[in-house]
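Student: Input file: target.csv. Contents: CSV, C-alpha atoms.
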```
chain,number,residue,atom,x,y,z
A,1,MET,CA,0.0,0.0,0.0
A,2,THR,CA,2.9,2.4,0.9
A,3,THR,CA,4.5,1.7,-2.5
A,4,LEU,CA,1.2,2.5,-4.4
A,5,MET,CA,0.6,5.7,-2.4
A,6,LEU,CA,4.2,6.9,-3.2
A,7,LEU,CA,3.7,6.0,-6.8
A,8,ILE,CA,0.5,8.1,-6.9
A,9,ALA,CA,2.2,11.0,-5.1
A,10,GLY,CA,5.0,10.9,-7.7
A,11,LEU,CA,2.5,11.0,-10.5
A,12,ALA,CA,0.8,14.0,-8.9
A,13,LEU,CA,4.1,15.9,-8.7
A,14,LEU,CA,4.8,15.0,-12.3
A,15,LEU,CA,1.5,16.4,-13.5
A,16,ALA,CA,1.6,19.6,-11.4
A,17,GLY,CA,5.3,20.3,-12.2
A,18,ALA,CA,4.7,19.8,-15.9
A,19,ASN,CA,1.7,22.0,-15.9
A,20,PHE,CA,3.4,25.0,-14.3
A,21,LEU,CA,6.7,24.4,-16.2
A,22,VAL,CA,4.9,24.6,-19.6
A,23,ASP,CA,2.9,27.7,-18.5
A,24,ALA,CA,6.2,29.4,-17.4
A,25,ALA,CA,8.1,28.3,-20.5
A,26,ILE,CA,5.4,29.8,-22.8
A,27,ALA,CA,5.2,33.0,-20.8
A,28,ILE,CA,9.0,33.3,-20.9
A,29,ALA,CA,9.1,32.8,-24.6
A,30,ARG,CA,6.5,35.5,-25.1
A,31,ARG,CA,8.3,38.0,-23.0
A,32,ALA,CA,11.7,37.3,-24.7
A,33,LYS,CA,10.1,37.2,-28.1
A,34,ILE,CA,11.7,33.9,-29.0
A,35,SER,CA,10.0,30.7,-30.2
A,36,ASP,CA,8.4,28.0,-28.1
A,37,PHE,CA,10.7,25.6,-30.0
A,38,ILE,CA,13.9,27.2,-28.7
A,39,ILE,CA,12.5,27.4,-25.2
A,40,GLY,CA,11.6,23.7,-25.6
A,41,ILE,CA,15.2,22.9,-26.4
A,42,ALA,CA,17.0,25.2,-24.0
A,43,ILE,CA,14.9,25.0,-20.9
A,44,VAL,CA,12.4,22.2,-21.1
A,45,GLY,CA,14.4,19.7,-23.2
A,46,ILE,CA,17.7,19.9,-21.2
A,47,GLY,CA,15.8,20.3,-17.9
A,48,THR,CA,13.7,17.2,-18.4
A,49,SER,CA,16.7,15.2,-19.4
A,50,LEU,CA,18.3,15.5,-15.9
A,51,PRO,CA,17.0,12.1,-14.8
A,52,GLU,CA,18.9,10.5,-17.8
A,53,LEU,CA,22.0,12.5,-16.8
A,54,PHE,CA,21.9,11.3,-13.2
A,55,VAL,CA,21.4,7.7,-14.2
A,56,SER,CA,24.1,7.7,-16.9
A,57,VAL,CA,26.7,9.5,-14.8
A,58,SER,CA,26.0,7.2,-11.9
A,59,ALA,CA,26.4,4.2,-14.2
A,60,ALA,CA,29.7,5.6,-15.6
A,61,MET,CA,31.1,6.1,-12.1
A,62,ARG,CA,30.4,2.4,-11.4
A,63,GLY,CA,32.0,1.3,-14.7
A,64,MET,CA,28.6,0.3,-16.2
A,65,GLY,CA,29.0,1.6,-19.7
A,66,ASP,CA,26.2,-0.6,-21.1
A,67,LEU,CA,23.7,0.9,-18.7
A,68,ALA,CA,24.9,4.5,-19.3
A,69,VAL,CA,24.6,4.2,-23.1
A,70,GLY,CA,21.5,1.9,-23.0
A,71,ASN,CA,19.7,4.4,-20.9
A,72,VAL,CA,20.3,7.1,-23.5
A,73,VAL,CA,19.4,4.8,-26.5
A,74,GLY,CA,16.2,3.6,-24.8
A,75,SER,CA,15.2,7.1,-23.8
A,76,ASN,CA,15.7,8.5,-27.3
A,77,ILE,CA,13.6,5.7,-28.8
A,78,CYS,CA,10.9,6.4,-26.1
A,79,ASN,CA,11.0,10.1,-26.7
A,80,ILE,CA,10.1,9.8,-30.4
A,81,PHE,CA,8.0,6.8,-30.8
A,82,LEU,CA,6.0,7.0,-27.5
A,83,ILE,CA,6.2,10.7,-26.6
A,84,LEU,CA,5.9,12.3,-30.0
A,85,GLY,CA,3.4,9.6,-30.9
A,86,ILE,CA,1.1,10.4,-28.0
A,87,THR,CA,1.6,14.2,-28.6
A,88,ALA,CA,0.6,13.9,-32.3
A,89,ILE,CA,-2.5,11.9,-31.4
A,90,ILE,CA,-3.6,14.6,-28.9
A,91,CYS,CA,-2.6,17.6,-31.0
A,92,PRO,CA,-1.1,17.2,-34.5
A,93,PHE,CA,1.7,19.7,-35.1
A,94,GLY,CA,3.6,21.3,-37.9
A,95,VAL,CA,7.2,20.8,-38.7
A,96,THR,CA,8.9,24.0,-39.8
A,97,ARG,CA,11.5,24.4,-42.5
A,98,GLN,CA,14.1,25.0,-39.9
A,99,ASN,CA,13.2,21.7,-38.2
A,100,MET,CA,13.6,19.9,-41.5
A,101,ALA,CA,16.8,21.6,-42.6
A,102,ARG,CA,18.6,21.7,-39.2
A,103,ASP,CA,17.2,20.2,-36.1
A,104,ILE,CA,15.9,16.8,-37.3
A,105,PRO,CA,18.9,16.1,-39.6
A,106,PHE,CA,21.2,17.0,-36.8
A,107,GLY,CA,19.5,14.5,-34.5
A,108,ILE,CA,19.9,11.8,-37.2
A,109,LEU,CA,23.6,12.7,-37.5
A,110,VAL,CA,24.4,12.5,-33.8
A,111,SER,CA,22.5,9.1,-33.6
A,112,VAL,CA,24.6,7.7,-36.5
A,113,LEU,CA,27.8,9.1,-34.8
A,114,LEU,CA,27.0,7.3,-31.6
A,115,LEU,CA,26.5,4.0,-33.5
A,116,LEU,CA,29.8,4.4,-35.3
A,117,LEU,CA,31.6,5.0,-32.0
A,118,CYS,CA,30.0,2.0,-30.3
A,119,SER,CA,30.1,-0.7,-33.0
A,120,ASP,CA,33.5,-2.3,-33.4
A,121,THR,CA,31.6,-5.3,-34.9
A,122,LEU,CA,30.8,-3.1,-37.9
A,123,PHE,CA,34.1,-1.2,-38.1
A,124,PRO,CA,36.7,-3.2,-36.1
A,125,ARG,CA,39.7,-1.2,-37.3
A,126,ILE,CA,38.2,2.2,-36.6
A,127,THR,CA,36.2,1.9,-33.4
A,128,GLN,CA,36.7,0.2,-30.1
A,129,ASN,CA,33.2,-0.3,-28.7
A,130,GLU,CA,33.9,2.6,-26.4
A,131,VAL,CA,32.9,6.2,-25.8
A,132,GLY,CA,36.2,7.6,-24.5
A,133,ARG,CA,37.1,11.0,-22.9
A,134,LEU,CA,38.2,12.5,-26.2
A,135,ASP,CA,34.9,11.5,-27.7
A,136,GLY,CA,33.1,13.1,-24.7
A,137,ILE,CA,35.0,16.4,-25.3
A,138,VAL,CA,34.1,16.4,-29.0
A,139,PHE,CA,30.4,15.6,-28.1
A,140,LEU,CA,30.3,18.6,-25.7
A,141,LEU,CA,31.9,21.0,-28.2
A,142,ILE,CA,29.4,19.9,-30.9
A,143,PHE,CA,26.5,20.4,-28.5
A,144,ALA,CA,27.7,23.9,-27.6
A,145,GLY,CA,28.0,24.8,-31.3
A,146,TYR,CA,24.5,23.5,-32.0
A,147,MET,CA,23.0,25.5,-29.2
A,148,ALA,CA,24.9,28.7,-30.3
A,149,VAL,CA,23.6,28.3,-33.9
A,150,ALA,CA,20.0,27.7,-32.6
A,151,ALA,CA,20.2,30.8,-30.4
A,152,ILE,CA,21.5,33.0,-33.2
A,153,HIS,CA,18.8,31.9,-35.6
A,154,SER,CA,16.0,32.0,-33.0
A,155,ARG,CA,14.8,35.6,-33.5
A,156,ARG,CA,15.0,35.3,-37.3
A,157,GLU,CA,12.8,32.2,-37.2
A,158,GLU,CA,10.4,33.6,-34.5
A,159,GLN,CA,7.9,35.0,-37.0
A,160,SER,CA,7.5,31.8,-39.0
A,161,ARG,CA,7.2,29.8,-35.7
A,162,ARG,CA,4.3,32.0,-34.6
A,163,GLU,CA,2.2,30.6,-37.5
A,164,ASN,CA,2.2,27.3,-35.6
A,165,GLU,CA,2.1,28.7,-32.1
A,166,GLU,CA,-0.3,31.6,-32.2
A,167,ASN,CA,-2.9,29.6,-30.1
A,168,ALA,CA,-0.5,28.7,-27.4
A,169,THR,CA,-1.9,29.7,-24.0
A,170,SER,CA,-0.4,30.4,-20.6
A,171,LYS,CA,-2.0,31.3,-17.3
A,172,LEU,CA,1.2,33.1,-16.3
A,173,SER,CA,1.3,35.6,-19.2
A,174,GLY,CA,2.2,39.1,-18.0
A,175,ARG,CA,3.9,38.0,-14.8
A,176,PRO,CA,7.3,39.5,-13.9
A,177,ALA,CA,10.3,37.7,-15.5
A,178,PRO,CA,12.0,36.8,-12.2
A,179,LEU,CA,8.7,35.2,-11.0
A,180,LEU,CA,8.4,33.2,-14.2
A,181,TRP,CA,12.0,31.9,-13.9
A,182,ALA,CA,11.4,31.0,-10.2
A,183,ILE,CA,8.2,29.1,-11.1
A,184,ALA,CA,10.0,27.3,-13.9
A,185,ALA,CA,12.8,26.3,-11.5
A,186,VAL,CA,10.4,25.1,-8.8
A,187,SER,CA,8.2,23.3,-11.4
A,188,LEU,CA,11.2,21.5,-12.9
A,189,ALA,CA,12.4,20.4,-9.4
A,190,ALA,CA,8.9,19.0,-8.7
A,191,LEU,CA,8.8,17.3,-12.1
A,192,LEU,CA,12.2,15.6,-11.6
A,193,TYR,CA,11.5,14.6,-8.0
A,194,GLY,CA,8.1,13.3,-8.9
A,195,GLY,CA,9.5,11.3,-11.8
A,196,ASN,CA,12.2,9.8,-9.6
A,197,LEU,CA,9.5,8.9,-6.9
A,198,PHE,CA,7.3,7.4,-9.6
A,199,LEU,CA,10.1,5.4,-11.2
A,200,ASP,CA,11.5,4.0,-7.9
A,201,ASN,CA,8.1,2.7,-6.8
A,202,THR,CA,7.2,1.4,-10.3
A,203,ILE,CA,10.4,-0.7,-10.2
A,204,ASN,CA,9.5,-1.9,-6.7
A,205,LEU,CA,6.1,-3.1,-7.9
A,206,ALA,CA,7.6,-4.7,-11.0
A,207,ARG,CA,10.0,-6.7,-8.8
A,208,GLN,CA,7.2,-7.7,-6.5
A,209,TRP,CA,5.4,-9.1,-9.7
A,210,GLY,CA,8.5,-11.1,-10.6
A,211,ILE,CA,9.7,-9.1,-13.6
A,212,SER,CA,13.5,-9.5,-14.3
A,213,ASP,CA,16.0,-6.7,-13.7
A,214,LYS,CA,17.1,-6.8,-17.4
A,215,VAL,CA,13.6,-6.2,-18.7
A,216,ILE,CA,13.1,-3.5,-16.1
A,217,SER,CA,16.2,-1.7,-17.2
A,218,LEU,CA,15.4,-1.8,-20.9
A,219,THR,CA,11.7,-0.8,-20.5
A,220,ILE,CA,10.7,0.7,-17.2
A,221,VAL,CA,13.9,2.6,-16.5
A,222,ALA,CA,14.0,4.0,-20.1
A,223,VAL,CA,10.3,5.0,-20.0
A,224,GLY,CA,10.6,6.2,-16.3
A,225,THR,CA,13.5,8.5,-17.0
A,226,SER,CA,11.5,9.9,-19.9
A,227,LEU,CA,8.4,10.6,-17.8
A,228,PRO,CA,9.2,14.3,-17.4
A,229,GLU,CA,9.4,14.6,-21.2
A,230,LEU,CA,6.2,12.6,-21.7
A,231,VAL,CA,4.1,14.5,-19.2
A,232,THR,CA,5.5,17.9,-20.3
A,233,CYS,CA,4.7,17.1,-24.0
A,234,ILE,CA,1.2,16.0,-23.2
A,235,ILE,CA,0.5,19.2,-21.2
A,236,ALA,CA,2.1,21.3,-23.9
A,237,ALA,CA,-0.2,19.6,-26.5
A,238,THR,CA,-3.3,20.3,-24.4
A,239,LYS,CA,-2.2,24.0,-24.1
A,240,LYS,CA,-1.8,24.2,-27.9
A,241,ALA,CA,2.0,24.6,-27.8
A,242,PRO,CA,3.1,21.5,-29.8
A,243,GLN,CA,6.3,23.2,-31.0
A,244,LEU,CA,7.4,23.4,-27.4
A,245,ALA,CA,6.8,19.6,-27.3
A,246,LEU,CA,8.8,19.1,-30.5
A,247,GLY,CA,11.6,21.2,-29.1
A,248,ASN,CA,11.5,19.3,-25.9
A,249,VAL,CA,11.9,15.9,-27.6
A,250,LEU,CA,14.5,16.9,-30.2
A,251,GLY,CA,16.4,18.9,-27.6
A,252,SER,CA,16.3,16.0,-25.1
A,253,ASN,CA,17.5,13.5,-27.7
A,254,ILE,CA,20.4,15.7,-28.9
A,255,PHE,CA,21.3,16.5,-25.3
A,256,ASN,CA,21.1,12.8,-24.3
A,257,ILE,CA,23.8,11.8,-26.8
A,258,LEU,CA,26.0,14.8,-26.8
A,259,GLY,CA,25.5,16.3,-23.4
A,260,ILE,CA,24.8,13.2,-21.2
A,261,LEU,CA,27.2,10.8,-22.8
A,262,GLY,CA,29.8,13.6,-23.2
A,263,VAL,CA,29.7,14.3,-19.4
A,264,SER,CA,29.5,10.6,-18.5
A,265,SER,CA,32.5,9.6,-20.7
A,266,LEU,CA,34.6,12.4,-19.0
A,267,VAL,CA,33.7,10.8,-15.6
A,268,ASN,CA,34.8,7.4,-16.9
A,269,PRO,CA,35.2,6.0,-20.4
A,270,LEU,CA,32.1,4.0,-21.4
A,271,VAL,CA,33.1,0.5,-22.4
A,272,LEU,CA,30.4,-1.5,-24.0
A,273,ASP,CA,30.1,-5.3,-23.9
A,274,GLY,CA,26.5,-6.3,-24.4
A,275,ILE,CA,24.6,-3.4,-26.0
A,276,ASN,CA,22.5,-4.6,-28.9
A,277,ILE,CA,23.1,-3.1,-32.3
A,278,ILE,CA,19.4,-3.6,-33.0
A,279,ASP,CA,18.7,-1.0,-30.3
A,280,PHE,CA,21.0,1.5,-32.0
A,281,GLY,CA,19.2,0.8,-35.3
A,282,VAL,CA,15.8,1.4,-33.8
A,283,MET,CA,17.1,4.7,-32.3
A,284,ILE,CA,18.3,5.8,-35.8
A,285,LEU,CA,15.1,4.6,-37.4
A,286,ALA,CA,13.1,6.8,-35.0
A,287,ALA,CA,15.2,9.9,-35.9
A,288,VAL,CA,14.8,9.1,-39.6
A,289,LEU,CA,11.0,8.6,-39.4
A,290,THR,CA,10.6,11.9,-37.7
A,291,PHE,CA,12.1,13.5,-40.9
A,292,VAL,CA,10.1,11.2,-43.3
A,293,CYS,CA,6.8,12.0,-41.6
A,294,ALA,CA,7.2,15.6,-42.7
A,295,PHE,CA,6.5,14.4,-46.2
A,296,THR,CA,3.7,11.9,-45.6
A,297,PHE,CA,0.0,12.3,-45.1
A,298,LYS,CA,-0.3,16.1,-44.3
A,299,ARG,CA,2.9,17.7,-45.6
A,300,ARG,CA,5.3,19.4,-43.1
A,301,ALA,CA,3.3,18.0,-40.1
A,302,ILE,CA,3.2,15.0,-37.8
A,303,ASP,CA,-0.5,14.1,-37.7
A,304,ARG,CA,-2.6,11.6,-35.8
A,305,HIS,CA,-2.0,8.8,-38.4
A,306,GLU,CA,1.7,9.1,-37.9
A,307,GLY,CA,1.3,9.4,-34.1
A,308,ILE,CA,-0.6,6.1,-34.1
A,309,ILE,CA,2.2,4.5,-36.2
A,310,PHE,CA,4.8,5.7,-33.9
A,311,LEU,CA,2.9,4.4,-30.9
A,312,LEU,CA,2.4,1.0,-32.5
A,313,ILE,CA,6.2,0.8,-33.4
A,314,TYR,CA,7.0,1.5,-29.8
A,315,ILE,CA,4.6,-1.2,-28.5
A,316,ALA,CA,6.2,-3.7,-30.9
A,317,TYR,CA,9.7,-2.7,-29.9
A,318,ILE,CA,8.9,-3.0,-26.1
A,319,SER,CA,7.1,-6.3,-26.7
A,320,CYS,CA,10.1,-7.8,-28.6
A,321,THR,CA,12.5,-6.5,-25.9
A,322,ALA,CA,10.5,-8.2,-23.1
A,323,ILE,CA,10.2,-11.5,-25.1
A,324,PHE,CA,13.7,-11.9,-26.4
A,325,TYR,CA,15.7,-10.4,-23.6
```
Spell out the structure here as structure tokens.
Tutor:
Amino acid sequence: MTTLMLLIAGLALLLAGANFLVDAAIAIARRAKISDFIIGIAIVGIGTSLPELFVSVSAAMRGMGDLAVGNVVGSNICNIFLILGITAIICPFGVTRQNMARDIPFGILVSVLLLLLCSDTLFPRITQNEVGRLDGIVFLLIFAGYMAVAAIHSRREEQSRRENEENATSKLSGRPAPLLWAIAAVSLAALLYGGNLFLDNTINLARQWGISDKVISLTIVAVGTSLPELVTCIIAATKKAPQLALGNVLGSNIFNILGILGVSSLVNPLVLDGINIIDFGVMILAAVLTFVCAFTFKRRAIDRHEGIIFLLIYIAYISCTAIFY
């Protein structure tokens, strides 16, 4: 009973934190006259990736490279197929030219880069199945460059973004900037603590039901550390700010690879022994399909049909993982 009550409390903190974080993020974007997408990357995307950062850095300190990288790979798959899928079902959203020309292709590029670094079975003379400290430094420099380019282009893109975001609503509009930042910080803290509380007690229940640790790590942990992104995106969709949701997911995925694995590999080189190349392939497939969906059904948009396809792919992936692992 105690486990169930703590699980419900964690879920309540998740919902409340996400609600106020989205409201504060929209209001901050309006005051600063920048797009919801950039706020989604810079504040929401990186902020909601903190659980993945804590898990991967902790795993790196213990020499558990598979867990550190597997957490990122599983979370990136979850972010696109589950989170974007549910978001598109609730509120179909447009994909801007800048998303198609810069953000989505960059996400594909860093996913392929991670595969190349971690797959000595494909390139035995080039890679060593390891993300080393030099790789981590390069990752962090690439991430810093990407964020700088996104910030520079933000104001130029703001007008075209507004075409997709004009209906976004916030109860905090007009509040002083310091108050908005304070609300965002407190909301993010509640979101992260609630996600951790929910995840810990979900794992406890799973073990009580006899589910193996391997399946728990590949499914529950990956989904659990993505709970802040999931709840934030759903709230953003209900508030008609889907570009914030898209920025959240793309920003989280890029930060997961470049930021989280960059920091984790500096703490301790990430040596891989049992990570499955199929998982890397599914992660790259997710990034590629995000781009492809801009050209199918409704052009330059991810609609409900594609959201349902994403969700079905994720269910199939999780089912196969549970069966074959």
Student: Up to 10 Å from (40.3, 14.0, -22.3) in the file's coordinates: name the residues, counting only C-alpha atoms, as a list in words.
Tutor: Gly132, Arg133, Leu134, Asp135, Gly136, Ile137, Val138, Ser265, Leu266, Val267 and Pro269 of chain A
Student: Using only C-alpha atoms, which of A:Met147, A:Lys298, A:Ile308, A:Ser264 sits nearest Ile41 of chain A?
Tutor: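 The answer is A:Met147, which sits nearest to Ile41 of chain A.
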Student: Pick out the residues sitting within 8 Å of Val249 of chain A, and hand them over as a list in words; count all atoms listed in the file, and ignore anything fewer than 5 positions along from it in its own chain.
Tutor: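 Skipping anything fewer than 5 positions along the chain leaves Ile41, Gly45, Asn79, Ile80, Ile83, Leu84 and Glu229 of chain A.
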Student: Using only C-alpha atoms, which protein or nucleic acid residues come within 10 Å of Leu270 of chain A? Drop anything in the same chain fewer than 4 positions from it, and give the result as a PyMOL selection string.
Tutor: chain A and resi 56+59-61+63-69+118+129-133+136+261+264-266
Student: For the atom pair atom CA of Phe139 of chain A and atom CA of Asn253 of chain A, what is the interatomic distance in Å to one decimal place?
Tutor: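 Interatomic distance, atom CA of Phe139 of chain A to atom CA of Asn253 of chain A: 13.1 Å.
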Student: Would you mind telling me which residue in A:Ile77, A:Ala150, A:Ala12, A:Ala189 lies nearest to Ser111 of chain A when using all atoms listed in the file?
Tutor: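 Selected residue with least distance to Ser111 of chain A: A:Ile77.
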Student: Grab the atom CA of Leu113 of chain A to atom CA of Ile277 of chain A distance for me, in Å with one decimal place.
Tutor: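 Computing it gives 13.3 Å between the two atoms.
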Student: Since the input is missing atoms, can you rebuild N, CA and C atoms for segment 275-295 of chain A and write them as an mmCIF file, keeping the file's coordinate frame?
Tutor:
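Saved file rebuild-v2.cif follows:
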```cif
data_model
loop_
_atom_site.group_PDB
_atom_site.id
_atom_site.type_symbol
_atom_site.label_atom_id
_atom_site.label_comp_id
_atom_site.auth_asym_id
_atom_site.auth_seq_id
_atom_site.Cartn_x
_atom_site.Cartn_y
_atom_site.Cartn_z
ATOM 1 N N ILE A 275 25.639 -4.233 -25.364
ATOM 2 C CA ILE A 275 24.600 -3.400 -26.000
ATOM 3 C C ILE A 275 24.263 -3.958 -27.347
ATOM 4 N N ASN A 276 22.988 -4.018 -27.672
ATOM 5 C CA ASN A 276 22.500 -4.600 -28.900
ATOM 6 C C ASN A 276 22.496 -3.638 -30.039
ATOM 7 N N ILE A 277 23.100 -4.005 -31.187
ATOM 8 C CA ILE A 277 23.100 -3.100 -32.300
ATOM 9 C C ILE A 277 21.718 -2.837 -32.870
ATOM 10 N N ILE A 278 20.792 -3.758 -32.585
ATOM 11 C CA ILE A 278 19.400 -3.600 -33.000
ATOM 12 C C ILE A 278 18.814 -2.333 -32.323
ATOM 13 N N ASP A 279 19.162 -2.136 -31.055
ATOM 14 C CA ASP A 279 18.700 -1.000 -30.300
ATOM 15 C C ASP A 279 19.172 0.327 -30.938
ATOM 16 N N PHE A 280 20.455 0.341 -31.332
ATOM 17 C CA PHE A 280 21.000 1.500 -32.000
ATOM 18 C C PHE A 280 20.227 1.744 -33.339
ATOM 19 N N GLY A 281 19.933 0.648 -34.034
ATOM 20 C CA GLY A 281 19.200 0.800 -35.300
ATOM 21 C C GLY A 281 17.820 1.331 -35.121
ATOM 22 N N VAL A 282 17.133 0.895 -34.053
ATOM 23 C CA VAL A 282 15.800 1.400 -33.800
ATOM 24 C C VAL A 282 15.865 2.900 -33.431
ATOM 25 N N MET A 283 16.903 3.304 -32.683
ATOM 26 C CA MET A 283 17.100 4.700 -32.300
ATOM 27 C C MET A 283 17.263 5.568 -33.605
ATOM 28 N N ILE A 284 18.094 5.092 -34.534
ATOM 29 C CA ILE A 284 18.300 5.800 -35.800
ATOM 30 C C ILE A 284 17.033 5.823 -36.621
ATOM 31 N N LEU A 285 16.332 4.693 -36.653
ATOM 32 C CA LEU A 285 15.100 4.600 -37.400
ATOM 33 C C LEU A 285 14.081 5.657 -36.867
ATOM 34 N N ALA A 286 14.008 5.810 -35.546
ATOM 35 C CA ALA A 286 13.100 6.800 -35.000
ATOM 36 C C ALA A 286 13.436 8.201 -35.435
ATOM 37 N N ALA A 287 14.736 8.535 -35.446
ATOM 38 C CA ALA A 287 15.200 9.900 -35.900
ATOM 39 C C ALA A 287 14.842 10.068 -37.373
ATOM 40 N N VAL A 288 15.072 9.039 -38.192
ATOM 41 C CA VAL A 288 14.800 9.100 -39.600
ATOM 42 C C VAL A 288 13.309 9.278 -39.907
ATOM 43 N N LEU A 289 12.493 8.500 -39.199
ATOM 44 C CA LEU A 289 11.000 8.600 -39.400
ATOM 45 C C LEU A 289 10.468 9.919 -39.049
ATOM 46 N N THR A 290 11.075 10.587 -38.080
ATOM 47 C CA THR A 290 10.600 11.900 -37.700
ATOM 48 C C THR A 290 10.757 12.860 -38.948
ATOM 49 N N PHE A 291 11.835 12.681 -39.707
ATOM 50 C CA PHE A 291 12.100 13.500 -40.900
ATOM 51 C C PHE A 291 11.097 13.025 -42.034
ATOM 52 N N VAL A 292 10.959 11.709 -42.216
ATOM 53 C CA VAL A 292 10.100 11.200 -43.300
ATOM 54 C C VAL A 292 8.650 11.609 -43.096
ATOM 55 N N CYS A 293 8.206 11.652 -41.838
ATOM 56 C CA CYS A 293 6.800 12.000 -41.600
ATOM 57 C C CYS A 293 6.449 13.411 -41.994
ATOM 58 N N ALA A 294 7.450 14.251 -42.181
ATOM 59 C CA ALA A 294 7.200 15.600 -42.700
ATOM 60 C C ALA A 294 6.687 15.616 -44.103
ATOM 61 N N PHE A 295 6.846 14.479 -44.804
ATOM 62 C CA PHE A 295 6.500 14.400 -46.200
ATOM 63 C C PHE A 295 5.309 13.471 -46.469
#
```
